[in-house]
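**Student:** What follows is a single structure, and I will ask about it in a moment.
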Amino acid sequence: MSTVRLLLLGLMATFSVAVKCRDNYKYNVYLLFDSSYNTSRTDWNRMKAFTSKLISTVDVGPNKGHIGLGQFSQDLEPIFDLSVYISKTTILQEITGLRQLAPQRATGQALATVRQLGYLTNSLHGSQADAATVLVLFLGGPSDNQTLAIREATHLRKEGVQIFVVTYPVNLPEAAAIAGSAARVILLTPLGIIDNLLLTLLNLLCT
């Protein structure tokens, strides 16, 4: 087993969130990773571990959860969209296999692409009507153009997309502006805060 996978499993073991979902719940979630290599390797792996915990907790399928995955540095690189009903195992493998790309952190451009192409709002990309629609943005540091990032996030929220940002304390002001509330910013330290906010996210998806 690789060192990275062992680290991810170890980090996942520190999370203790449990939530019971209703039988007929469904959701649309797009996981958007900041793949700038300005993020430290340890922090990068912690972001992936958090995502793996989320995926391991919820149901995925045509009439349940639709999950999309993308990463960005200079440009958005879609991995799969909501219409691809792949197994949890495959999703976790894709997350584990993500690699850091480049020094740029063009968050605003990535959010604009998600919005303009309807990755979370267009049924052609697998968006379900009458379902919680959530963008989970993993942000390793300040965006290259914070004004653009906040503006595009505001447009997404007006379209009914709820945004959570997983980041670090130093980046809280921008993250709160993107999410629309500091309550939807998930700080990767300390672990207790991660558990509390992961529970908030899971309750949103499951109830």
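Just so we're on the same page: first chain in the structure tokens is A, next is B, and so on; residues restart at 1 for each chain, and ligands are numbered from 1 in the order they show up.
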Per residue of range 97-160 of chain A within 12 Å of range 54-63 of chain A, which atom pair is closest and at what distance in Å (one decimal), using only C-alpha atoms, listed by chain and increasing number, as a tab-separated table?

**Tutor:**
residue	atom	partner	partner_atom	distance
A:Gly126	CA	A:Pro62	CA	9.0
A:Ser127	CA	A:Pro62	CA	10.5
A:Gln128	CA	A:Asn63	CA	8.7
A:Ala129	CA	A:Asn63	CA	11.1
A:Asp130	CA	A:Asn63	CA	11.7
A:Ala131	CA	A:Asn63	CA	10.4
A:Val136	CA	A:Leu54	CA	10.6

**Student:** Would you give me, as a compact mmCIF listing (two decimals) with all heavy atoms, in the first residue's frame, the residues in range 16-207 of chain A that DSSP reads as alpha helix (DSSP H)?

**Tutor:**
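result_22.txt was written with the following content:
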# COMPACT_ATOMS: atom_id res chain seq x y z
N ARG A 41 2.27 19.36 0.63
CA ARG A 41 1.84 17.99 0.39
C ARG A 41 0.98 17.46 1.54
O ARG A 41 -0.02 16.77 1.32
CB ARG A 41 3.08 17.10 0.20
CG ARG A 41 2.75 15.63 -0.09
CD ARG A 41 1.93 15.46 -1.36
NE ARG A 41 2.60 15.99 -2.52
CZ ARG A 41 3.46 15.29 -3.26
NH1 ARG A 41 3.76 14.04 -2.94
NH2 ARG A 41 4.02 15.84 -4.32
N THR A 42 1.34 17.82 2.77
CA THR A 42 0.55 17.36 3.92
C THR A 42 -0.86 17.93 3.86
O THR A 42 -1.84 17.20 4.05
CB THR A 42 1.23 17.78 5.23
OG1 THR A 42 2.51 17.15 5.31
CG2 THR A 42 0.39 17.35 6.43
N ASP A 43 -0.97 19.23 3.59
CA ASP A 43 -2.29 19.85 3.52
C ASP A 43 -3.10 19.30 2.35
O ASP A 43 -4.31 19.10 2.44
CB ASP A 43 -2.15 21.37 3.39
CG ASP A 43 -1.66 22.01 4.68
OD1 ASP A 43 -1.74 21.36 5.73
OD2 ASP A 43 -1.19 23.16 4.63
N TRP A 44 -2.43 19.06 1.24
CA TRP A 44 -3.09 18.48 0.06
C TRP A 44 -3.69 17.12 0.41
O TRP A 44 -4.84 16.83 0.08
CB TRP A 44 -2.05 18.36 -1.05
CG TRP A 44 -2.44 17.58 -2.26
CD1 TRP A 44 -1.96 16.36 -2.63
CD2 TRP A 44 -3.36 17.97 -3.30
NE1 TRP A 44 -2.53 15.97 -3.83
CE2 TRP A 44 -3.38 16.93 -4.26
CE3 TRP A 44 -4.16 19.10 -3.50
CZ2 TRP A 44 -4.17 16.98 -5.39
CZ3 TRP A 44 -4.95 19.14 -4.64
CH2 TRP A 44 -4.95 18.09 -5.57
N ASN A 45 -2.94 16.29 1.11
CA ASN A 45 -3.44 14.97 1.48
C ASN A 45 -4.55 15.05 2.52
O ASN A 45 -5.46 14.22 2.54
CB ASN A 45 -2.29 14.09 1.97
CG ASN A 45 -1.40 13.62 0.84
OD1 ASN A 45 -1.87 13.42 -0.28
ND2 ASN A 45 -0.11 13.48 1.11
N ARG A 46 -4.50 16.06 3.38
CA ARG A 46 -5.57 16.23 4.36
C ARG A 46 -6.87 16.61 3.66
O ARG A 46 -7.96 16.16 4.05
CB ARG A 46 -5.20 17.28 5.39
CG ARG A 46 -4.04 16.87 6.29
CD ARG A 46 -3.87 17.82 7.45
NE ARG A 46 -4.93 17.61 8.41
CZ ARG A 46 -5.41 18.57 9.21
NH1 ARG A 46 -4.94 19.78 9.12
NH2 ARG A 46 -6.36 18.30 10.07
N MET A 47 -6.80 17.44 2.62
CA MET A 47 -8.00 17.79 1.87
C MET A 47 -8.59 16.54 1.21
O MET A 47 -9.81 16.34 1.21
CB MET A 47 -7.68 18.86 0.81
CG MET A 47 -7.42 20.23 1.38
SD MET A 47 -7.46 21.55 0.13
CE MET A 47 -6.02 21.16 -0.85
N LYS A 48 -7.73 15.69 0.67
CA LYS A 48 -8.23 14.47 0.03
C LYS A 48 -8.82 13.52 1.07
O LYS A 48 -9.83 12.85 0.80
CB LYS A 48 -7.10 13.80 -0.76
CG LYS A 48 -6.65 14.62 -1.96
CD LYS A 48 -5.92 13.78 -3.00
CE LYS A 48 -4.58 13.33 -2.55
NZ LYS A 48 -3.85 12.62 -3.64
N ALA A 49 -8.24 13.48 2.25
CA ALA A 49 -8.77 12.62 3.30
C ALA A 49 -10.15 13.08 3.74
O ALA A 49 -11.05 12.26 3.97
CB ALA A 49 -7.81 12.60 4.50
N PHE A 50 -10.34 14.39 3.86
CA PHE A 50 -11.64 14.93 4.21
C PHE A 50 -12.68 14.52 3.17
O PHE A 50 -13.78 14.07 3.50
CB PHE A 50 -11.57 16.46 4.31
CG PHE A 50 -12.89 17.12 4.58
CD1 PHE A 50 -13.32 17.35 5.87
CD2 PHE A 50 -13.72 17.50 3.54
CE1 PHE A 50 -14.54 17.95 6.12
CE2 PHE A 50 -14.95 18.10 3.77
CZ PHE A 50 -15.35 18.33 5.07
N THR A 51 -12.33 14.65 1.90
CA THR A 51 -13.25 14.28 0.82
C THR A 51 -13.58 12.80 0.86
O THR A 51 -14.73 12.40 0.67
CB THR A 51 -12.62 14.62 -0.54
OG1 THR A 51 -12.06 15.92 -0.49
CG2 THR A 51 -13.66 14.56 -1.64
N SER A 52 -12.59 11.99 1.11
CA SER A 52 -12.81 10.54 1.17
C SER A 52 -13.78 10.20 2.29
O SER A 52 -14.63 9.31 2.14
CB SER A 52 -11.48 9.81 1.36
OG SER A 52 -10.63 10.02 0.25
N LYS A 53 -13.67 10.90 3.42
CA LYS A 53 -14.59 10.66 4.53
C LYS A 53 -16.02 11.02 4.12
O LYS A 53 -16.97 10.29 4.40
CB LYS A 53 -14.16 11.48 5.74
CG LYS A 53 -15.11 11.37 6.93
CD LYS A 53 -15.22 9.96 7.46
CE LYS A 53 -16.14 9.89 8.67
NZ LYS A 53 -16.28 8.51 9.17
N LEU A 54 -16.17 12.15 3.44
CA LEU A 54 -17.50 12.56 2.98
C LEU A 54 -18.10 11.52 2.04
O LEU A 54 -19.24 11.09 2.22
CB LEU A 54 -17.40 13.92 2.27
CG LEU A 54 -18.66 14.40 1.55
CD1 LEU A 54 -19.80 14.61 2.55
CD2 LEU A 54 -18.38 15.68 0.78
N ILE A 55 -17.33 11.09 1.05
CA ILE A 55 -17.83 10.12 0.07
C ILE A 55 -18.17 8.80 0.74
O ILE A 55 -19.16 8.14 0.41
CB ILE A 55 -16.79 9.89 -1.04
CG1 ILE A 55 -16.52 11.20 -1.80
CG2 ILE A 55 -17.26 8.81 -2.01
CD1 ILE A 55 -17.74 11.82 -2.41
N SER A 56 -17.38 8.40 1.72
CA SER A 56 -17.61 7.13 2.40
C SER A 56 -18.88 7.14 3.23
O SER A 56 -19.42 6.09 3.56
CB SER A 56 -16.41 6.79 3.30
OG SER A 56 -15.24 6.64 2.54
N THR A 57 -19.38 8.33 3.55
CA THR A 57 -20.51 8.46 4.46
C THR A 57 -21.86 8.49 3.75
O THR A 57 -22.88 8.14 4.33
CB THR A 57 -20.35 9.74 5.31
OG1 THR A 57 -19.07 9.72 5.95
CG2 THR A 57 -21.42 9.84 6.38
N LYS A 88 -18.59 4.24 -5.39
CA LYS A 88 -17.78 4.93 -4.38
C LYS A 88 -16.32 4.55 -4.51
O LYS A 88 -15.43 5.40 -4.37
CB LYS A 88 -18.27 4.56 -2.98
CG LYS A 88 -19.51 5.26 -2.51
CD LYS A 88 -19.70 4.96 -1.03
CE LYS A 88 -21.02 5.51 -0.53
NZ LYS A 88 -21.16 5.29 0.92
N THR A 89 -16.07 3.28 -4.77
CA THR A 89 -14.68 2.82 -4.88
C THR A 89 -13.95 3.58 -5.98
O THR A 89 -12.82 4.04 -5.79
CB THR A 89 -14.64 1.32 -5.17
OG1 THR A 89 -15.26 0.62 -4.09
CG2 THR A 89 -13.20 0.84 -5.32
N THR A 90 -14.62 3.75 -7.12
CA THR A 90 -13.99 4.47 -8.24
C THR A 90 -13.79 5.94 -7.90
O THR A 90 -12.74 6.53 -8.21
CB THR A 90 -14.85 4.34 -9.50
OG1 THR A 90 -15.02 2.95 -9.80
CG2 THR A 90 -14.19 5.02 -10.68
N ILE A 91 -14.78 6.55 -7.25
CA ILE A 91 -14.64 7.96 -6.85
C ILE A 91 -13.45 8.12 -5.91
O ILE A 91 -12.62 9.02 -6.07
CB ILE A 91 -15.93 8.46 -6.17
CG1 ILE A 91 -17.08 8.50 -7.17
CG2 ILE A 91 -15.71 9.86 -5.59
CD1 ILE A 91 -18.42 8.84 -6.56
N LEU A 92 -13.35 7.23 -4.93
CA LEU A 92 -12.24 7.31 -3.98
C LEU A 92 -10.90 7.11 -4.67
O LEU A 92 -9.91 7.76 -4.32
CB LEU A 92 -12.44 6.28 -2.86
CG LEU A 92 -13.62 6.55 -1.92
CD1 LEU A 92 -13.86 5.36 -1.00
CD2 LEU A 92 -13.40 7.81 -1.11
N GLN A 93 -10.87 6.23 -5.66
CA GLN A 93 -9.63 6.03 -6.41
C GLN A 93 -9.26 7.29 -7.19
O GLN A 93 -8.08 7.67 -7.26
CB GLN A 93 -9.78 4.85 -7.37
CG GLN A 93 -9.80 3.49 -6.67
CD GLN A 93 -10.14 2.35 -7.61
OE1 GLN A 93 -10.64 2.56 -8.72
NE2 GLN A 93 -9.90 1.13 -7.17
N GLU A 94 -10.27 7.95 -7.76
CA GLU A 94 -10.00 9.18 -8.51
C GLU A 94 -9.48 10.28 -7.58
O GLU A 94 -8.56 11.03 -7.93
CB GLU A 94 -11.28 9.67 -9.21
CG GLU A 94 -11.76 8.77 -10.33
CD GLU A 94 -10.94 8.92 -11.61
OE1 GLU A 94 -9.99 9.74 -11.63
OE2 GLU A 94 -11.25 8.23 -12.59
N ILE A 95 -10.05 10.37 -6.38
CA ILE A 95 -9.60 11.37 -5.41
C ILE A 95 -8.16 11.08 -4.98
O ILE A 95 -7.31 11.98 -4.94
CB ILE A 95 -10.54 11.41 -4.20
CG1 ILE A 95 -11.91 11.97 -4.61
CG2 ILE A 95 -9.95 12.26 -3.07
CD1 ILE A 95 -12.99 11.79 -3.57
N THR A 96 -7.89 9.82 -4.68
CA THR A 96 -6.54 9.44 -4.27
C THR A 96 -5.53 9.75 -5.37
O THR A 96 -4.39 10.14 -5.10
CB THR A 96 -6.48 7.94 -3.92
OG1 THR A 96 -7.41 7.67 -2.86
CG2 THR A 96 -5.09 7.53 -3.47
N THR A 107 -9.02 30.45 -9.03
CA THR A 107 -10.29 30.00 -8.47
C THR A 107 -11.48 30.62 -9.21
O THR A 107 -12.45 29.93 -9.52
CB THR A 107 -10.37 30.38 -6.98
OG1 THR A 107 -9.17 29.98 -6.33
CG2 THR A 107 -11.56 29.72 -6.32
N GLY A 108 -11.40 31.92 -9.47
CA GLY A 108 -12.51 32.60 -10.12
C GLY A 108 -12.83 32.04 -11.49
O GLY A 108 -14.00 31.84 -11.84
N GLN A 109 -11.80 31.74 -12.26
CA GLN A 109 -12.01 31.18 -13.59
C GLN A 109 -12.62 29.79 -13.50
O GLN A 109 -13.50 29.42 -14.29
CB GLN A 109 -10.70 31.13 -14.37
CG GLN A 109 -10.86 30.68 -15.81
CD GLN A 109 -11.82 31.56 -16.58
OE1 GLN A 109 -11.73 32.80 -16.55
NE2 GLN A 109 -12.78 30.94 -17.27
N ALA A 110 -12.17 29.00 -12.52
CA ALA A 110 -12.74 27.66 -12.34
C ALA A 110 -14.21 27.74 -11.96
O ALA A 110 -15.05 26.99 -12.49
CB ALA A 110 -11.95 26.90 -11.27
N LEU A 111 -14.55 28.63 -11.04
CA LEU A 111 -15.95 28.80 -10.65
C LEU A 111 -16.80 29.29 -11.82
O LEU A 111 -17.95 28.86 -12.00
CB LEU A 111 -16.06 29.78 -9.48
CG LEU A 111 -15.47 29.31 -8.15
CD1 LEU A 111 -15.50 30.43 -7.12
CD2 LEU A 111 -16.21 28.09 -7.62
N ALA A 112 -16.23 30.18 -12.63
CA ALA A 112 -16.95 30.67 -13.80
C ALA A 112 -17.25 29.54 -14.77
O ALA A 112 -18.35 29.45 -15.33
CB ALA A 112 -16.13 31.76 -14.50
N THR A 113 -16.29 28.64 -14.96
CA THR A 113 -16.50 27.51 -15.87
C THR A 113 -17.58 26.58 -15.33
O THR A 113 -18.46 26.13 -16.08
CB THR A 113 -15.18 26.74 -16.07
OG1 THR A 113 -14.19 27.63 -16.59
CG2 THR A 113 -15.38 25.58 -17.05
N VAL A 114 -17.54 26.29 -14.03
CA VAL A 114 -18.57 25.45 -13.42
C VAL A 114 -19.95 26.06 -13.62
O VAL A 114 -20.91 25.38 -13.98
CB VAL A 114 -18.28 25.26 -11.91
CG1 VAL A 114 -19.48 24.63 -11.20
CG2 VAL A 114 -17.04 24.40 -11.71
N ARG A 115 -20.03 27.38 -13.44
CA ARG A 115 -21.33 28.06 -13.57
C ARG A 115 -21.78 28.13 -15.02
O ARG A 115 -22.92 27.78 -15.35
CB ARG A 115 -21.23 29.47 -12.99
CG ARG A 115 -22.52 30.28 -13.10
CD ARG A 115 -22.38 31.64 -12.46
NE ARG A 115 -21.44 32.50 -13.17
CZ ARG A 115 -21.75 33.23 -14.24
NH1 ARG A 115 -22.98 33.19 -14.74
NH2 ARG A 115 -20.85 34.01 -14.80
N GLN A 116 -20.90 28.57 -15.91
CA GLN A 116 -21.28 28.79 -17.30
C GLN A 116 -21.64 27.50 -18.02
O GLN A 116 -22.52 27.48 -18.89
CB GLN A 116 -20.16 29.52 -18.03
CG GLN A 116 -19.97 30.96 -17.55
CD GLN A 116 -18.65 31.57 -17.99
OE1 GLN A 116 -17.87 30.95 -18.73
NE2 GLN A 116 -18.38 32.79 -17.55
N GLN A 146 -9.09 37.35 -6.21
CA GLN A 146 -10.14 37.12 -5.21
C GLN A 146 -11.45 37.79 -5.60
O GLN A 146 -12.53 37.24 -5.33
CB GLN A 146 -9.66 37.60 -3.84
CG GLN A 146 -8.48 36.82 -3.30
CD GLN A 146 -8.14 37.17 -1.87
OE1 GLN A 146 -8.98 37.64 -1.11
NE2 GLN A 146 -6.89 36.95 -1.49
N THR A 147 -11.38 38.94 -6.23
CA THR A 147 -12.60 39.64 -6.64
C THR A 147 -13.41 38.79 -7.60
O THR A 147 -14.64 38.65 -7.46
CB THR A 147 -12.25 40.99 -7.29
OG1 THR A 147 -11.54 41.80 -6.35
CG2 THR A 147 -13.51 41.72 -7.73
N LEU A 148 -12.74 38.20 -8.58
CA LEU A 148 -13.43 37.34 -9.54
C LEU A 148 -13.99 36.10 -8.85
O LEU A 148 -15.13 35.69 -9.13
CB LEU A 148 -12.47 36.93 -10.66
CG LEU A 148 -13.04 35.97 -11.71
CD1 LEU A 148 -14.21 36.59 -12.45
CD2 LEU A 148 -11.94 35.55 -12.70
N ALA A 149 -13.22 35.50 -7.96
CA ALA A 149 -13.68 34.30 -7.26
C ALA A 149 -14.95 34.58 -6.46
O ALA A 149 -15.92 33.81 -6.50
CB ALA A 149 -12.58 33.77 -6.35
N ILE A 150 -14.96 35.69 -5.74
CA ILE A 150 -16.13 36.03 -4.92
C ILE A 150 -17.32 36.36 -5.81
O ILE A 150 -18.46 35.95 -5.52
CB ILE A 150 -15.78 37.21 -3.99
CG1 ILE A 150 -14.74 36.75 -2.95
CG2 ILE A 150 -17.03 37.74 -3.30
CD1 ILE A 150 -14.09 37.88 -2.18
N ARG A 151 -17.09 37.06 -6.91
CA ARG A 151 -18.20 37.41 -7.81
C ARG A 151 -18.82 36.16 -8.43
O ARG A 151 -20.06 36.02 -8.46
CB ARG A 151 -17.70 38.35 -8.91
CG ARG A 151 -18.82 38.79 -9.86
CD ARG A 151 -18.39 39.91 -10.78
NE ARG A 151 -17.41 39.46 -11.76
CZ ARG A 151 -16.19 39.96 -11.88
NH1 ARG A 151 -15.77 40.90 -11.05
NH2 ARG A 151 -15.37 39.52 -12.81
N GLU A 152 -17.99 35.24 -8.89
CA GLU A 152 -18.52 34.02 -9.51
C GLU A 152 -19.24 33.15 -8.48
O GLU A 152 -20.27 32.53 -8.78
CB GLU A 152 -17.40 33.24 -10.19
CG GLU A 152 -16.90 33.88 -11.47
CD GLU A 152 -17.99 34.00 -12.53
OE1 GLU A 152 -18.88 33.13 -12.59
OE2 GLU A 152 -17.95 34.96 -13.31
N ALA A 153 -18.71 33.10 -7.27
CA ALA A 153 -19.38 32.34 -6.22
C ALA A 153 -20.74 32.94 -5.89
O ALA A 153 -21.72 32.21 -5.67
CB ALA A 153 -18.50 32.31 -4.97
N THR A 154 -20.82 34.25 -5.89
CA THR A 154 -22.10 34.93 -5.63
C THR A 154 -23.12 34.57 -6.71
O THR A 154 -24.29 34.30 -6.41
CB THR A 154 -21.90 36.45 -5.58
OG1 THR A 154 -20.96 36.77 -4.53
CG2 THR A 154 -23.22 37.17 -5.31
N HIS A 155 -22.69 34.54 -7.97
CA HIS A 155 -23.59 34.14 -9.06
C HIS A 155 -24.09 32.71 -8.85
O HIS A 155 -25.28 32.42 -9.04
CB HIS A 155 -22.87 34.23 -10.40
CG HIS A 155 -22.60 35.63 -10.87
ND1 HIS A 155 -23.48 36.67 -10.67
CD2 HIS A 155 -21.53 36.16 -11.53
CE1 HIS A 155 -22.98 37.78 -11.19
NE2 HIS A 155 -21.80 37.50 -11.71
N LEU A 156 -23.19 31.81 -8.47
CA LEU A 156 -23.59 30.42 -8.24
C LEU A 156 -24.61 30.32 -7.11
O LEU A 156 -25.60 29.59 -7.22
CB LEU A 156 -22.36 29.57 -7.90
CG LEU A 156 -21.51 29.11 -9.09
CD1 LEU A 156 -20.17 28.58 -8.60
CD2 LEU A 156 -22.24 28.03 -9.90
N ARG A 157 -24.39 31.05 -6.03
CA ARG A 157 -25.33 31.00 -4.91
C ARG A 157 -26.70 31.53 -5.33
O ARG A 157 -27.74 31.01 -4.90
CB ARG A 157 -24.78 31.76 -3.71
CG ARG A 157 -23.51 31.16 -3.11
CD ARG A 157 -23.28 31.63 -1.68
NE ARG A 157 -23.40 33.06 -1.54
CZ ARG A 157 -22.40 33.93 -1.72
NH1 ARG A 157 -21.20 33.49 -2.06
NH2 ARG A 157 -22.61 35.23 -1.57
N LYS A 158 -26.72 32.55 -6.18
CA LYS A 158 -27.99 33.09 -6.66
C LYS A 158 -28.73 32.07 -7.53
O LYS A 158 -29.96 32.14 -7.65
CB LYS A 158 -27.75 34.38 -7.45
CG LYS A 158 -27.38 35.57 -6.57
CD LYS A 158 -27.14 36.82 -7.40
CE LYS A 158 -26.81 38.01 -6.51
NZ LYS A 158 -26.53 39.24 -7.31
N LEU A 172 -9.44 32.44 5.74
CA LEU A 172 -10.84 32.51 6.16
C LEU A 172 -11.62 33.67 5.53
O LEU A 172 -12.76 33.46 5.08
CB LEU A 172 -10.93 32.58 7.68
CG LEU A 172 -12.34 32.69 8.28
CD1 LEU A 172 -13.21 31.51 7.84
CD2 LEU A 172 -12.27 32.77 9.80
N PRO A 173 -11.10 34.90 5.45
CA PRO A 173 -11.91 35.99 4.90
C PRO A 173 -12.39 35.73 3.47
O PRO A 173 -13.57 35.91 3.16
CB PRO A 173 -10.97 37.20 4.97
CG PRO A 173 -10.05 36.88 6.11
CD PRO A 173 -9.82 35.40 6.02
N GLU A 174 -11.48 35.31 2.59
CA GLU A 174 -11.89 35.02 1.22
C GLU A 174 -12.85 33.84 1.18
O GLU A 174 -13.86 33.86 0.47
CB GLU A 174 -10.69 34.72 0.33
CG GLU A 174 -11.11 34.43 -1.12
CD GLU A 174 -10.01 33.84 -1.99
OE1 GLU A 174 -8.89 33.60 -1.48
OE2 GLU A 174 -10.27 33.62 -3.19
N ALA A 175 -12.55 32.80 1.95
CA ALA A 175 -13.39 31.61 1.95
C ALA A 175 -14.81 31.93 2.41
O ALA A 175 -15.79 31.45 1.83
CB ALA A 175 -12.77 30.54 2.84
N ALA A 176 -14.94 32.76 3.44
CA ALA A 176 -16.26 33.14 3.94
C ALA A 176 -17.03 33.94 2.89
O ALA A 176 -18.25 33.77 2.73
CB ALA A 176 -16.12 33.94 5.23
N ALA A 177 -16.33 34.79 2.16
CA ALA A 177 -16.99 35.57 1.11
C ALA A 177 -17.45 34.67 -0.03
O ALA A 177 -18.52 34.88 -0.62
CB ALA A 177 -16.04 36.65 0.59
N ILE A 178 -16.66 33.66 -0.36
CA ILE A 178 -17.05 32.71 -1.41
C ILE A 178 -18.25 31.88 -0.97
O ILE A 178 -19.21 31.69 -1.72
CB ILE A 178 -15.86 31.80 -1.78
CG1 ILE A 178 -14.79 32.61 -2.54
CG2 ILE A 178 -16.31 30.60 -2.61
CD1 ILE A 178 -13.51 31.85 -2.80
N ALA A 179 -18.20 31.38 0.26
CA ALA A 179 -19.28 30.52 0.77
C ALA A 179 -20.54 31.31 1.12
O ALA A 179 -21.62 30.74 1.19
CB ALA A 179 -18.79 29.76 1.99
N LEU A 191 -9.31 19.32 14.39
CA LEU A 191 -10.15 18.24 13.86
C LEU A 191 -11.58 18.31 14.37
O LEU A 191 -12.50 17.92 13.69
CB LEU A 191 -9.52 16.89 14.21
CG LEU A 191 -8.21 16.59 13.49
CD1 LEU A 191 -7.65 15.26 13.96
CD2 LEU A 191 -8.39 16.57 11.98
N GLY A 192 -11.78 18.81 15.59
CA GLY A 192 -13.13 18.91 16.12
C GLY A 192 -14.01 19.80 15.27
O GLY A 192 -15.18 19.53 15.07
N ILE A 193 -13.43 20.90 14.75
CA ILE A 193 -14.19 21.79 13.89
C ILE A 193 -14.53 21.08 12.58
O ILE A 193 -15.62 21.23 12.04
CB ILE A 193 -13.40 23.09 13.63
CG1 ILE A 193 -13.26 23.87 14.93
CG2 ILE A 193 -14.09 23.94 12.58
CD1 ILE A 193 -12.46 25.14 14.82
N ILE A 194 -13.61 20.29 12.07
CA ILE A 194 -13.89 19.52 10.86
C ILE A 194 -15.11 18.63 11.08
O ILE A 194 -16.03 18.59 10.27
CB ILE A 194 -12.68 18.65 10.47
CG1 ILE A 194 -11.50 19.53 10.09
CG2 ILE A 194 -13.04 17.73 9.31
CD1 ILE A 194 -10.25 18.75 9.77
N ASP A 195 -15.13 17.91 12.19
CA ASP A 195 -16.25 17.02 12.47
C ASP A 195 -17.56 17.80 12.53
O ASP A 195 -18.57 17.39 11.97
CB ASP A 195 -16.02 16.29 13.79
CG ASP A 195 -15.20 15.02 13.62
OD1 ASP A 195 -14.82 14.72 12.47
OD2 ASP A 195 -14.96 14.34 14.62
N ASN A 196 -17.56 18.94 13.22
CA ASN A 196 -18.79 19.71 13.38
C ASN A 196 -19.32 20.19 12.03
O ASN A 196 -20.52 20.12 11.75
CB ASN A 196 -18.54 20.91 14.29
CG ASN A 196 -18.31 20.51 15.73
OD1 ASN A 196 -18.68 19.41 16.13
ND2 ASN A 196 -17.69 21.38 16.50
N LEU A 197 -18.44 20.69 11.17
CA LEU A 197 -18.89 21.24 9.91
C LEU A 197 -19.16 20.16 8.87
O LEU A 197 -20.02 20.32 8.01
CB LEU A 197 -17.89 22.27 9.39
CG LEU A 197 -17.89 23.55 10.24
CD1 LEU A 197 -16.77 24.48 9.81
CD2 LEU A 197 -19.22 24.27 10.15
N LEU A 198 -18.46 19.05 8.96
CA LEU A 198 -18.81 17.92 8.11
C LEU A 198 -20.20 17.43 8.45
O LEU A 198 -20.99 17.08 7.57
CB LEU A 198 -17.79 16.79 8.27
CG LEU A 198 -18.01 15.53 7.43
CD1 LEU A 198 -18.12 15.87 5.95
CD2 LEU A 198 -16.90 14.53 7.66
N LEU A 199 -20.54 17.43 9.72
CA LEU A 199 -21.89 17.03 10.14
C LEU A 199 -22.93 17.99 9.56
O LEU A 199 -23.99 17.56 9.10
CB LEU A 199 -21.97 17.01 11.67
CG LEU A 199 -23.31 16.58 12.27
CD1 LEU A 199 -23.67 15.17 11.83
CD2 LEU A 199 -23.25 16.65 13.79
N THR A 200 -22.63 19.29 9.56
CA THR A 200 -23.54 20.27 8.96
C THR A 200 -23.76 19.97 7.48
O THR A 200 -24.89 19.99 6.99
CB THR A 200 -22.96 21.69 9.11
OG1 THR A 200 -22.83 22.00 10.50
CG2 THR A 200 -23.86 22.73 8.45
N LEU A 201 -22.69 19.68 6.77
CA LEU A 201 -22.78 19.38 5.35
C LEU A 201 -23.58 18.10 5.11
O LEU A 201 -24.46 18.05 4.25
CB LEU A 201 -21.38 19.25 4.76
CG LEU A 201 -21.27 18.83 3.29
CD1 LEU A 201 -22.07 19.75 2.39
CD2 LEU A 201 -19.81 18.81 2.86
N LEU A 202 -23.31 17.07 5.89
CA LEU A 202 -24.02 15.81 5.72
C LEU A 202 -25.50 15.96 6.03
O LEU A 202 -26.35 15.39 5.34
CB LEU A 202 -23.40 14.73 6.61
CG LEU A 202 -21.99 14.27 6.20
CD1 LEU A 202 -21.41 13.34 7.26
CD2 LEU A 202 -22.01 13.59 4.85
N ASN A 203 -25.83 16.73 7.05
CA ASN A 203 -27.24 16.96 7.37
C ASN A 203 -27.95 17.69 6.24
O ASN A 203 -29.11 17.43 5.94
CB ASN A 203 -27.37 17.74 8.67
CG ASN A 203 -27.27 16.84 9.90
OD1 ASN A 203 -27.72 15.71 9.87
ND2 ASN A 203 -26.66 17.34 10.96
N LEU A 204 -27.25 18.61 5.59
CA LEU A 204 -27.82 19.32 4.45
C LEU A 204 -28.12 18.35 3.32
O LEU A 204 -29.18 18.42 2.68
CB LEU A 204 -26.84 20.40 3.97
CG LEU A 204 -27.20 21.10 2.65
CD1 LEU A 204 -28.47 21.91 2.81
CD2 LEU A 204 -26.05 21.99 2.20
N LEU A 205 -27.23 17.42 3.06
CA LEU A 205 -27.41 16.48 1.96
C LEU A 205 -28.44 15.41 2.27
O LEU A 205 -29.13 14.93 1.38
CB LEU A 205 -26.07 15.81 1.63
CG LEU A 205 -24.93 16.72 1.18
CD1 LEU A 205 -23.69 15.88 0.88
CD2 LEU A 205 -25.32 17.54 -0.03
N CYS A 206 -28.53 15.02 3.53
CA CYS A 206 -29.28 13.81 3.88
C CYS A 206 -30.70 14.07 4.35
O CYS A 206 -31.48 13.12 4.50
CB CYS A 206 -28.55 13.05 4.99
SG CYS A 206 -27.01 12.30 4.44

**Student:** Residues at most 12 Å from Pro169 in chain A, counting only C-alpha atoms, excluding those fewer than 5 positions away in the same chain, as a ChimeraX atom specification?

**Tutor:** /A:139-142,174-176,182,185-190,193

**Student:** So, with only C-alpha atoms as the atoms that count, which of A:Ser143, A:Ser35, A:Ser83, A:Ser123 lies closest to His66 in chain A?

**Tutor:** A:Ser83

**Student:** In Å, rounded to a single decimal, give me how far CA of Val170 in chain A is from CA of Gln74 in chain A.

**Tutor:**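 Result for CA of Gln74 in chain A versus CA of Val170 in chain A: 21.7 Å, one decimal.
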
**Student:** Just list as a ChimeraX atom specification whatever in range 67-123 of chain A DSSP marks as strand (DSSP E or B).

**Tutor:** /A:67-72,76-80,102
